Amino acid sequence: MRRSSMKASALDDAVGPAVRPSRRTSTGEVGLLLSLAAGGIGLGVILGLPLVDGTVHEIGAPGGWTLFLGSVTGLIGTYLALLMVLMAARIPTLERALGRGGVMRWHKNLSVLTISFILAHAVLTTAAYAKIAKVGIAHELGVLIDSYPDMITAFVALGLMLLIGLVSLPWLRRRLSRENWWLLHLLIYVALVLSFAHELVLGPSFVNHPVVQWIWAGAWILAGLALVVYRVLVPLLRSLRHELTVVAVEPQPNGVTKILLQGQYLEDLQLQGGQFFEWRFLTRGRWWQAHPFSVVDRQGDTLRLMVRPIGDFSANLIKLGVGTRVWFEGPYGNFTAAQQRKDRVLLIAGGIGVTAIRGLLEDLPRWSRPVLVLRVTAKTDLVLLDELERLASERNGKVYILSGDRTMVDLRTIAGNIKDFQSRDIFISGSPGFVEAVRDVFISLGVKRRQLHVEAYTI
């Protein structure tokens, strides 16, 4: 096996034939299709409720269309909020099908749509009643708040949603610590509880419709249970059963911290290379914070983490004491060898993204002949290089290093030197900016999206 600079050598040396992996429909994909079907049916029912409740005569009355649109936007907004909660529940089927990145993208997009539709509902409904009463919108707003006590909770819920939307804007999100943003983000659940109560009491499609009320309440109860089960009970029971503790904390020459965790029955976790856990270290100041780190490898009942200091939390992990108890959620992510559909793979890691690549590489079959590209600012930043070279050599693969100022190196260099990239699955791991840039390069060169598998690391 050879290791060389990307600029010094092309990556298109001859490689022998490989056995094509079979293309099967996974349980995750089946679950995703069923989830999409259920979501579409639910949306259809939601859109039909205002039509069943109203009449053509009522819609044609003064303010009728505005009131109708207000009801529709309110129902769609709260239905999307229900789906948003399900995305946050970390349901295993969705996690396997979409991966953590995909689930969080859906959650983020649904959050934007939820706030937009509920804001539209508030504006349209107030405007409709103002038109019916033939008064100004500001005056009608005061009347609604004075006449309907539940309207106060609705406006409080809307205010909380707008606050969460504001702090989630990229330019403001970057100015908040992960912990402060997370605490503010939890207010969304308070807002949803308040808006749910308002909807059942005053929503035209629910008032005097007890069956609809029970079905809607049941759907929200099930979503809440999913959140409690998969975010609280399952992690709690797993953490108690596996009894993970810190057995070693070792600083590495390149600033990375190696952490070894030891527990019991770890084979039952069914961990795949490339996956990660949300880790919660039970010490003062850390116990309430869960942060994601990939597992480099598992040796018996020992897990190895390699953490680069990016924020305050990761920088302080070097101070962890041996014997510290660890609770966890996961494993999460579909950045695994199970996603391979082509004969060969191309693995691209930026910085500490190499930790996921290392685990994935170990799971690849011996005939896979992988090509690895490690992207670092300086070669002194390389992590796990010896292990990557050994694993690649065992699979008759190659490792290449692309180093230099990240603002100066043309990312097309990666694709331009790999002549068979069109026939490979491409796994990309690193910071969000790096992952997006590399993915965009390959998409612009005609690579199909289903060939691209990504894992982005954020603070």
# chains A, B, ... in the order shown; residues from 1 in each chain; ligands from 1
$ residues_around --residues "region 120-128 of chain A" --least-positions-apart "3" --cutoff "6 Å" --atoms "only C-alpha atoms" --output "list in words"
Gly63, Thr66, Leu67, Gly70, Thr73, Gly74, Phe117, Lys131 and Ile137 of chain A
$ write_last_selection --atoms "C-alpha atoms" --output "compact mmCIF listing (two decimals), in the first residue's frame"
# COMPACT_ATOMS: atom_id res chain seq x y z
CA GLY A 63 -64.43 37.38 6.01
CA THR A 66 -59.95 34.59 5.36
CA LEU A 67 -61.36 32.65 8.31
CA GLY A 70 -56.86 30.83 9.01
CA THR A 73 -53.03 27.21 8.24
CA GLY A 74 -53.59 26.59 11.95
CA PHE A 117 -48.13 28.42 9.30
CA LYS A 131 -63.57 42.12 8.94
CA ILE A 137 -57.21 44.50 13.53
$ residues_around --residues "Pro331 (chain A)" --least-positions-apart "3" --cutoff "7 Å" --atoms "only C-alpha atoms" --output "VMD selection string"
chain A and resid 271 275 to 277
$ atom_distance --atom1 "CA of Leu86 (chain A)" --atom2 "CA of Ala191 (chain A)"
15.9 Å
$ residues_around --residues "Gly333 (chain A)" --least-positions-apart "2" --cutoff "7 Å" --atoms "only C-alpha atoms" --output "ChimeraX atom specification"
/A:95-96,99-100,275-276,335
$ write_last_selection --atoms "all heavy atoms" --output "CSV table (one decimal), in the first residue's frame"
chain,number,residue,atom,x,y,z
A,95,GLU,N,-34.3,6.9,12.3
A,95,GLU,CA,-32.9,7.1,12.4
A,95,GLU,C,-32.2,6.2,11.4
A,95,GLU,O,-31.2,6.6,10.8
A,95,GLU,CB,-32.4,6.8,13.8
A,95,GLU,CG,-32.9,7.8,14.9
A,95,GLU,CD,-32.1,9.1,14.9
A,95,GLU,OE1,-31.0,9.0,14.4
A,95,GLU,OE2,-32.6,10.1,15.3
A,96,ARG,N,-32.6,5.0,11.2
A,96,ARG,CA,-31.9,4.0,10.3
A,96,ARG,C,-32.1,4.5,8.9
A,96,ARG,O,-31.3,4.3,8.0
A,96,ARG,CB,-32.5,2.6,10.5
A,96,ARG,CG,-32.0,1.9,11.7
A,96,ARG,CD,-32.3,0.4,11.7
A,96,ARG,NE,-33.7,0.2,11.7
A,96,ARG,CZ,-34.4,0.0,12.8
A,96,ARG,NH1,-33.8,0.0,14.0
A,96,ARG,NH2,-35.7,-0.3,12.7
A,99,GLY,N,-30.8,8.6,8.8
A,99,GLY,CA,-29.6,9.0,9.5
A,99,GLY,C,-29.8,10.3,10.4
A,99,GLY,O,-30.9,10.9,10.2
A,100,ARG,N,-28.9,10.5,11.3
A,100,ARG,CA,-29.2,11.7,12.2
A,100,ARG,C,-29.2,13.0,11.4
A,100,ARG,O,-30.0,13.8,11.7
A,100,ARG,CB,-28.1,11.7,13.3
A,100,ARG,CG,-28.1,13.0,14.1
A,100,ARG,CD,-29.4,13.4,14.7
A,100,ARG,NE,-30.0,12.3,15.4
A,100,ARG,CZ,-29.7,12.1,16.7
A,100,ARG,NH1,-28.9,12.9,17.3
A,100,ARG,NH2,-30.3,11.1,17.3
A,275,GLN,N,-21.0,4.9,13.4
A,275,GLN,CA,-22.1,5.5,14.2
A,275,GLN,C,-21.6,6.2,15.4
A,275,GLN,O,-20.4,6.1,15.7
A,275,GLN,CB,-23.0,4.3,14.7
A,275,GLN,CG,-23.9,3.7,13.5
A,275,GLN,CD,-24.9,2.7,14.0
A,275,GLN,OE1,-24.5,1.8,14.8
A,275,GLN,NE2,-26.1,2.9,13.6
A,276,PHE,N,-22.5,6.9,16.1
A,276,PHE,CA,-22.1,7.7,17.2
A,276,PHE,C,-23.1,7.6,18.3
A,276,PHE,O,-24.2,7.1,18.1
A,276,PHE,CB,-21.9,9.2,16.8
A,276,PHE,CG,-23.2,9.9,16.4
A,276,PHE,CD1,-23.9,10.6,17.4
A,276,PHE,CD2,-23.6,9.8,15.1
A,276,PHE,CE1,-25.1,11.2,17.0
A,276,PHE,CE2,-24.8,10.4,14.8
A,276,PHE,CZ,-25.5,11.1,15.7
A,335,PHE,N,-24.3,6.4,8.7
A,335,PHE,CA,-23.0,6.5,8.0
A,335,PHE,C,-22.2,5.2,8.2
A,335,PHE,O,-21.2,5.2,8.9
A,335,PHE,CB,-22.3,7.7,8.6
A,335,PHE,CG,-21.1,8.2,7.8
A,335,PHE,CD1,-21.3,8.9,6.7
A,335,PHE,CD2,-19.8,7.9,8.3
A,335,PHE,CE1,-20.1,9.3,5.9
A,335,PHE,CE2,-18.7,8.3,7.6
A,335,PHE,CZ,-18.9,9.0,6.4
$ residues_around --residues "Ala456 (chain A)" --least-positions-apart "3" --cutoff "6 Å" --atoms "only C-alpha atoms" --output "JSON, numbers by chain"
{"A": [429, 430, 431, 432]}
$ closest_residue --among "A:Gln422, A:Phe68, A:Met104, A:Ser294" --to "Ile443 (chain A)" --atoms "only C-alpha atoms"
A:Gln422
$ residues_around --residues "Lys319 (chain A)" --least-positions-apart "4" --cutoff "12 Å" --atoms "only C-alpha atoms" --output "PDB file with N, CA, C and O atoms, in the first residue's frame"
ATOM      1  N   VAL A 246     -15.506   5.784  32.656  1.00  0.00           N
ATOM      2  CA  VAL A 246     -14.248   6.227  32.065  1.00  0.00           C
ATOM      3  C   VAL A 246     -13.104   5.453  32.718  1.00  0.00           C
ATOM      4  O   VAL A 246     -12.974   5.437  33.941  1.00  0.00           O
ATOM      5  N   ALA A 248      -9.814   5.592  31.084  1.00  0.00           N
ATOM      6  CA  ALA A 248      -8.557   6.255  30.708  1.00  0.00           C
ATOM      7  C   ALA A 248      -8.869   7.533  29.940  1.00  0.00           C
ATOM      8  O   ALA A 248      -9.818   7.576  29.144  1.00  0.00           O
ATOM      9  N   VAL A 249      -8.083   8.568  30.226  1.00  0.00           N
ATOM     10  CA  VAL A 249      -8.155   9.835  29.489  1.00  0.00           C
ATOM     11  C   VAL A 249      -6.721  10.210  29.136  1.00  0.00           C
ATOM     12  O   VAL A 249      -5.913  10.487  30.023  1.00  0.00           O
ATOM     13  N   GLU A 250      -6.405  10.216  27.832  1.00  0.00           N
ATOM     14  CA  GLU A 250      -5.027  10.408  27.412  1.00  0.00           C
ATOM     15  C   GLU A 250      -4.919  11.522  26.369  1.00  0.00           C
ATOM     16  O   GLU A 250      -5.537  11.434  25.306  1.00  0.00           O
ATOM     17  N   PRO A 251      -4.139  12.568  26.650  1.00  0.00           N
ATOM     18  CA  PRO A 251      -3.914  13.611  25.630  1.00  0.00           C
ATOM     19  C   PRO A 251      -3.042  13.074  24.503  1.00  0.00           C
ATOM     20  O   PRO A 251      -2.097  12.324  24.742  1.00  0.00           O
ATOM     21  N   THR A 257      -8.052  14.411  22.442  1.00  0.00           N
ATOM     22  CA  THR A 257      -8.116  13.657  23.692  1.00  0.00           C
ATOM     23  C   THR A 257      -8.676  12.266  23.426  1.00  0.00           C
ATOM     24  O   THR A 257      -9.749  12.128  22.831  1.00  0.00           O
ATOM     25  N   LYS A 258      -7.946  11.232  23.836  1.00  0.00           N
ATOM     26  CA  LYS A 258      -8.444   9.857  23.726  1.00  0.00           C
ATOM     27  C   LYS A 258      -9.118   9.481  25.035  1.00  0.00           C
ATOM     28  O   LYS A 258      -8.553   9.659  26.116  1.00  0.00           O
ATOM     29  N   ILE A 259     -10.346   8.965  24.924  1.00  0.00           N
ATOM     30  CA  ILE A 259     -11.120   8.563  26.093  1.00  0.00           C
ATOM     31  C   ILE A 259     -11.518   7.107  25.919  1.00  0.00           C
ATOM     32  O   ILE A 259     -12.102   6.731  24.901  1.00  0.00           O
ATOM     33  N   PHE A 281     -21.574  12.755  30.538  1.00  0.00           N
ATOM     34  CA  PHE A 281     -20.615  12.412  31.588  1.00  0.00           C
ATOM     35  C   PHE A 281     -21.136  12.939  32.928  1.00  0.00           C
ATOM     36  O   PHE A 281     -21.361  14.148  33.087  1.00  0.00           O
ATOM     37  N   THR A 283     -20.682  14.247  35.846  1.00  0.00           N
ATOM     38  CA  THR A 283     -19.894  15.046  36.772  1.00  0.00           C
ATOM     39  C   THR A 283     -20.566  16.413  36.909  1.00  0.00           C
ATOM     40  O   THR A 283     -21.431  16.779  36.111  1.00  0.00           O
ATOM     41  N   ARG A 284     -20.171  17.163  37.910  1.00  0.00           N
ATOM     42  CA  ARG A 284     -20.733  18.488  38.121  1.00  0.00           C
ATOM     43  C   ARG A 284     -20.471  19.372  36.888  1.00  0.00           C
ATOM     44  O   ARG A 284     -19.361  19.457  36.393  1.00  0.00           O
ATOM     45  N   ARG A 286     -21.502  18.813  33.916  1.00  0.00           N
ATOM     46  CA  ARG A 286     -21.585  18.091  32.647  1.00  0.00           C
ATOM     47  C   ARG A 286     -22.790  17.154  32.566  1.00  0.00           C
ATOM     48  O   ARG A 286     -23.206  16.788  31.484  1.00  0.00           O
ATOM     49  N   ASP A 312     -16.221  24.599  24.555  1.00  0.00           N
ATOM     50  CA  ASP A 312     -15.836  24.501  25.966  1.00  0.00           C
ATOM     51  C   ASP A 312     -15.991  23.077  26.495  1.00  0.00           C
ATOM     52  O   ASP A 312     -15.149  22.586  27.254  1.00  0.00           O
ATOM     53  N   PHE A 313     -17.078  22.420  26.111  1.00  0.00           N
ATOM     54  CA  PHE A 313     -17.341  21.072  26.623  1.00  0.00           C
ATOM     55  C   PHE A 313     -16.235  20.107  26.208  1.00  0.00           C
ATOM     56  O   PHE A 313     -15.634  19.427  27.049  1.00  0.00           O
ATOM     57  N   SER A 314     -15.957  20.033  24.908  1.00  0.00           N
ATOM     58  CA  SER A 314     -14.949  19.082  24.422  1.00  0.00           C
ATOM     59  C   SER A 314     -13.554  19.440  24.916  1.00  0.00           C
ATOM     60  O   SER A 314     -12.728  18.562  25.171  1.00  0.00           O
ATOM     61  N   ALA A 315     -13.282  20.730  25.076  1.00  0.00           N
ATOM     62  CA  ALA A 315     -11.955  21.142  25.544  1.00  0.00           C
ATOM     63  C   ALA A 315     -11.709  20.713  26.987  1.00  0.00           C
ATOM     64  O   ALA A 315     -10.563  20.453  27.379  1.00  0.00           O
ATOM     65  N   THR A 324     -15.469   8.026  36.204  1.00  0.00           N
ATOM     66  CA  THR A 324     -16.662   8.815  35.933  1.00  0.00           C
ATOM     67  C   THR A 324     -17.709   7.956  35.236  1.00  0.00           C
ATOM     68  O   THR A 324     -17.430   7.278  34.250  1.00  0.00           O
TER      69      THR A 324
END
$ residues_around --residues "Val228 (chain A)" --least-positions-apart "4" --cutoff "12 Å" --atoms "only C-alpha atoms" --output "PDB file with all heavy atoms, in the first residue's frame"
ATOM      1  N   VAL A  85     -42.153  16.907  16.399  1.00  0.00           N
ATOM      2  CA  VAL A  85     -41.901  16.203  17.663  1.00  0.00           C
ATOM      3  C   VAL A  85     -41.464  14.772  17.395  1.00  0.00           C
ATOM      4  O   VAL A  85     -40.537  14.253  18.036  1.00  0.00           O
ATOM      5  CB  VAL A  85     -43.166  16.234  18.551  1.00  0.00           C
ATOM      6  CG1 VAL A  85     -43.001  15.307  19.755  1.00  0.00           C
ATOM      7  CG2 VAL A  85     -43.446  17.651  19.024  1.00  0.00           C
ATOM      8  N   LEU A  86     -42.111  14.112  16.431  1.00  0.00           N
ATOM      9  CA  LEU A  86     -41.733  12.738  16.101  1.00  0.00           C
ATOM     10  C   LEU A  86     -40.300  12.679  15.582  1.00  0.00           C
ATOM     11  O   LEU A  86     -39.561  11.724  15.864  1.00  0.00           O
ATOM     12  CB  LEU A  86     -42.698  12.168  15.064  1.00  0.00           C
ATOM     13  CG  LEU A  86     -44.127  11.879  15.567  1.00  0.00           C
ATOM     14  CD1 LEU A  86     -45.023  11.459  14.416  1.00  0.00           C
ATOM     15  CD2 LEU A  86     -44.107  10.803  16.650  1.00  0.00           C
ATOM     16  N   ALA A  88     -37.944  14.629  16.502  1.00  0.00           N
ATOM     17  CA  ALA A  88     -37.068  14.859  17.658  1.00  0.00           C
ATOM     18  C   ALA A  88     -37.043  13.672  18.608  1.00  0.00           C
ATOM     19  O   ALA A  88     -36.188  13.613  19.497  1.00  0.00           O
ATOM     20  CB  ALA A  88     -37.524  16.109  18.407  1.00  0.00           C
ATOM     21  N   ALA A  89     -37.968  12.712  18.423  1.00  0.00           N
ATOM     22  CA  ALA A  89     -38.069  11.581  19.344  1.00  0.00           C
ATOM     23  C   ALA A  89     -36.995  10.528  19.120  1.00  0.00           C
ATOM     24  O   ALA A  89     -36.826   9.624  19.931  1.00  0.00           O
ATOM     25  CB  ALA A  89     -39.449  10.936  19.220  1.00  0.00           C
ATOM     26  N   ARG A  90     -36.265  10.618  18.006  1.00  0.00           N
ATOM     27  CA  ARG A  90     -35.203   9.663  17.675  1.00  0.00           C
ATOM     28  C   ARG A  90     -35.739   8.234  17.599  1.00  0.00           C
ATOM     29  O   ARG A  90     -35.213   7.298  18.213  1.00  0.00           O
ATOM     30  CB  ARG A  90     -34.049   9.766  18.669  1.00  0.00           C
ATOM     31  CG  ARG A  90     -33.397  11.131  18.609  1.00  0.00           C
ATOM     32  CD  ARG A  90     -32.277  11.325  19.595  1.00  0.00           C
ATOM     33  NE  ARG A  90     -31.788  12.694  19.536  1.00  0.00           N
ATOM     34  CZ  ARG A  90     -30.930  13.228  20.381  1.00  0.00           C
ATOM     35  NH1 ARG A  90     -30.432  12.499  21.354  1.00  0.00           N
ATOM     36  NH2 ARG A  90     -30.546  14.484  20.259  1.00  0.00           N
ATOM     37  N   ILE A  91     -36.823   8.091  16.844  1.00  0.00           N
ATOM     38  CA  ILE A  91     -37.435   6.786  16.617  1.00  0.00           C
ATOM     39  C   ILE A  91     -36.490   5.950  15.762  1.00  0.00           C
ATOM     40  O   ILE A  91     -36.031   6.403  14.710  1.00  0.00           O
ATOM     41  CB  ILE A  91     -38.804   6.957  15.923  1.00  0.00           C
ATOM     42  CG1 ILE A  91     -39.737   7.768  16.843  1.00  0.00           C
ATOM     43  CG2 ILE A  91     -39.425   5.611  15.587  1.00  0.00           C
ATOM     44  CD1 ILE A  91     -41.039   8.172  16.186  1.00  0.00           C
ATOM     45  N   ILE A 221     -50.664  12.431  22.239  1.00  0.00           N
ATOM     46  CA  ILE A 221     -50.215  11.607  23.372  1.00  0.00           C
ATOM     47  C   ILE A 221     -49.205  10.565  22.896  1.00  0.00           C
ATOM     48  O   ILE A 221     -48.173  10.334  23.546  1.00  0.00           O
ATOM     49  CB  ILE A 221     -51.427  10.928  24.057  1.00  0.00           C
ATOM     50  CG1 ILE A 221     -52.253  11.978  24.810  1.00  0.00           C
ATOM     51  CG2 ILE A 221     -50.964   9.839  25.015  1.00  0.00           C
ATOM     52  CD1 ILE A 221     -53.573  11.454  25.337  1.00  0.00           C
ATOM     53  N   LEU A 222     -49.483   9.941  21.754  1.00  0.00           N
ATOM     54  CA  LEU A 222     -48.549   8.947  21.211  1.00  0.00           C
ATOM     55  C   LEU A 222     -47.204   9.592  20.860  1.00  0.00           C
ATOM     56  O   LEU A 222     -46.139   9.010  21.101  1.00  0.00           O
ATOM     57  CB  LEU A 222     -49.150   8.283  19.976  1.00  0.00           C
ATOM     58  CG  LEU A 222     -50.315   7.319  20.231  1.00  0.00           C
ATOM     59  CD1 LEU A 222     -50.897   6.814  18.915  1.00  0.00           C
ATOM     60  CD2 LEU A 222     -49.862   6.146  21.097  1.00  0.00           C
ATOM     61  N   ALA A 223     -47.251  10.802  20.277  1.00  0.00           N
ATOM     62  CA  ALA A 223     -46.007  11.502  19.955  1.00  0.00           C
ATOM     63  C   ALA A 223     -45.222  11.820  21.224  1.00  0.00           C
ATOM     64  O   ALA A 223     -43.993  11.667  21.268  1.00  0.00           O
ATOM     65  CB  ALA A 223     -46.309  12.780  19.184  1.00  0.00           C
ATOM     66  N   GLY A 224     -45.935  12.264  22.262  1.00  0.00           N
ATOM     67  CA  GLY A 224     -45.281  12.553  23.535  1.00  0.00           C
ATOM     68  C   GLY A 224     -44.679  11.309  24.161  1.00  0.00           C
ATOM     69  O   GLY A 224     -43.561  11.340  24.709  1.00  0.00           O
ATOM     70  N   VAL A 232     -35.765   9.273  26.855  1.00  0.00           N
ATOM     71  CA  VAL A 232     -35.535   9.186  28.303  1.00  0.00           C
ATOM     72  C   VAL A 232     -35.426   7.741  28.780  1.00  0.00           C
ATOM     73  O   VAL A 232     -34.385   7.316  29.297  1.00  0.00           O
ATOM     74  CB  VAL A 232     -36.658   9.915  29.080  1.00  0.00           C
ATOM     75  CG1 VAL A 232     -36.402   9.801  30.590  1.00  0.00           C
ATOM     76  CG2 VAL A 232     -36.751  11.372  28.667  1.00  0.00           C
ATOM     77  N   LEU A 233     -36.493   6.947  28.584  1.00  0.00           N
ATOM     78  CA  LEU A 233     -36.532   5.612  29.185  1.00  0.00           C
ATOM     79  C   LEU A 233     -35.510   4.658  28.573  1.00  0.00           C
ATOM     80  O   LEU A 233     -34.770   3.985  29.303  1.00  0.00           O
ATOM     81  CB  LEU A 233     -37.944   5.026  29.057  1.00  0.00           C
ATOM     82  CG  LEU A 233     -39.041   5.738  29.860  1.00  0.00           C
ATOM     83  CD1 LEU A 233     -40.377   5.036  29.678  1.00  0.00           C
ATOM     84  CD2 LEU A 233     -38.667   5.783  31.344  1.00  0.00           C
ATOM     85  N   VAL A 234     -35.458   4.570  27.251  1.00  0.00           N
ATOM     86  CA  VAL A 234     -34.510   3.643  26.615  1.00  0.00           C
ATOM     87  C   VAL A 234     -33.063   4.009  26.952  1.00  0.00           C
ATOM     88  O   VAL A 234     -32.272   3.136  27.360  1.00  0.00           O
ATOM     89  CB  VAL A 234     -34.741   3.591  25.086  1.00  0.00           C
ATOM     90  CG1 VAL A 234     -33.606   2.826  24.402  1.00  0.00           C
ATOM     91  CG2 VAL A 234     -36.075   2.930  24.770  1.00  0.00           C
ATOM     92  N   PRO A 235     -32.648   5.292  26.811  1.00  0.00           N
ATOM     93  CA  PRO A 235     -31.270   5.636  27.206  1.00  0.00           C
ATOM     94  C   PRO A 235     -30.983   5.342  28.684  1.00  0.00           C
ATOM     95  O   PRO A 235     -29.886   4.882  29.027  1.00  0.00           O
ATOM     96  CB  PRO A 235     -31.193   7.140  26.916  1.00  0.00           C
ATOM     97  CG  PRO A 235     -32.197   7.369  25.846  1.00  0.00           C
ATOM     98  CD  PRO A 235     -33.325   6.440  26.163  1.00  0.00           C
ATOM     99  N   LEU A 236     -31.978   5.612  29.544  1.00  0.00           N
ATOM    100  CA  LEU A 236     -31.777   5.363  30.975  1.00  0.00           C
ATOM    101  C   LEU A 236     -31.554   3.882  31.242  1.00  0.00           C
ATOM    102  O   LEU A 236     -30.604   3.492  31.938  1.00  0.00           O
ATOM    103  CB  LEU A 236     -32.987   5.875  31.757  1.00  0.00           C
ATOM    104  CG  LEU A 236     -33.004   5.577  33.259  1.00  0.00           C
ATOM    105  CD1 LEU A 236     -31.818   6.230  33.944  1.00  0.00           C
ATOM    106  CD2 LEU A 236     -34.310   6.041  33.890  1.00  0.00           C
TER     107      LEU A 236
END
$ closest_atom_pairs --of "region 223-308 of chain A" --to "region 352-368 of chain A" --cutoff "7 Å" --atoms "only C-alpha atoms" --output "tab-separated table"
residue	atom	partner	partner_atom	distance
A:Gly273	CA	A:Gly359	CA	3.9
A:Gly274	CA	A:Ala356	CA	4.2
A:Gln275	CA	A:Ala356	CA	6.8
A:Ser294	CA	A:Ala356	CA	5.8
A:Val296	CA	A:Thr355	CA	5.3
A:Asp297	CA	A:Gly359	CA	5.8
A:Met306	CA	A:Thr355	CA	6.9
A:Arg308	CA	A:Ile352	CA	6.6
$ residues_around --residues "Phe421 (chain A)" --least-positions-apart "2" --cutoff "9 Å" --atoms "only C-alpha atoms" --output "PyMOL selection string"
chain A and resi 345-346+415+418-419+423-426+442+447
$ write_last_selection --atoms "N, CA, C and O atoms" --output "short mmCIF file (atom, residue, chain, number, x, y, z; two decimals), in the first residue's frame"
data_model
loop_
_atom_site.label_atom_id
_atom_site.label_comp_id
_atom_site.auth_asym_id
_atom_site.auth_seq_id
_atom_site.Cartn_x
_atom_site.Cartn_y
_atom_site.Cartn_z
N VAL A 345 -15.66 1.96 -2.75
CA VAL A 345 -16.02 3.15 -1.99
C VAL A 345 -14.88 4.16 -2.01
O VAL A 345 -13.70 3.81 -2.15
N LEU A 346 -15.26 5.42 -1.88
CA LEU A 346 -14.33 6.52 -1.69
C LEU A 346 -14.67 7.16 -0.35
O LEU A 346 -15.83 7.54 -0.11
N ALA A 415 -11.95 15.20 -6.61
CA ALA A 415 -12.67 14.47 -7.66
C ALA A 415 -11.83 14.34 -8.92
O ALA A 415 -11.87 13.30 -9.60
N ILE A 418 -9.58 11.22 -9.16
CA ILE A 418 -10.18 9.89 -8.96
C ILE A 418 -11.03 9.58 -10.18
O ILE A 418 -12.18 10.04 -10.29
N LYS A 419 -10.49 8.83 -11.11
CA LYS A 419 -11.13 8.66 -12.41
C LYS A 419 -12.39 7.82 -12.35
O LYS A 419 -13.25 7.92 -13.23
N SER A 423 -18.39 5.46 -10.18
CA SER A 423 -18.79 4.08 -9.89
C SER A 423 -18.53 3.70 -8.44
O SER A 423 -18.49 2.51 -8.11
N ARG A 424 -18.34 4.69 -7.58
CA ARG A 424 -18.08 4.42 -6.16
C ARG A 424 -19.17 5.03 -5.28
O ARG A 424 -19.77 6.05 -5.62
N ASP A 425 -19.42 4.39 -4.13
CA ASP A 425 -20.13 5.07 -3.05
C ASP A 425 -19.15 6.03 -2.41
O ASP A 425 -17.98 5.69 -2.18
N ILE A 426 -19.62 7.24 -2.10
CA ILE A 426 -18.73 8.27 -1.57
C ILE A 426 -19.20 8.65 -0.17
O ILE A 426 -20.33 9.12 0.01
N PHE A 442 -19.18 16.94 -6.03
CA PHE A 442 -19.52 15.69 -6.70
C PHE A 442 -20.88 15.75 -7.38
O PHE A 442 -21.06 15.17 -8.46
N VAL A 447 -22.51 13.04 -9.99
CA VAL A 447 -22.70 11.91 -9.09
C VAL A 447 -24.13 11.94 -8.54
O VAL A 447 -24.63 12.98 -8.14
#
$ closest_residue --among "A:Trp65, A:Trp216, A:Tyr457, A:Trp288" --to "Gly350 (chain A)" --atoms "only C-alpha atoms"
A:Tyr457
$ select_by_dssp --residues "region 100-336 of chain A" --states "helix (DSSP H, G or I)" --output "number ranges by chain"
A: 100-133, 137-147, 149-167, 170-173, 178-185, 187-202, 210-242, 266-269, 312-319
$ select_by_dssp --residues "region 145-349 of chain A" --states "strand (DSSP E)" --output "VMD selection string"
chain A and resid 244 to 251 257 to 262 276 to 281 291 to 294 297 to 299 302 to 307 325 to 332 344 to 349
$ closest_residue --among "A:Ile318, A:Leu98, A:Ile115, A:Ala133" --to "Arg450 (chain A)" --atoms "only C-alpha atoms"
A:Leu98
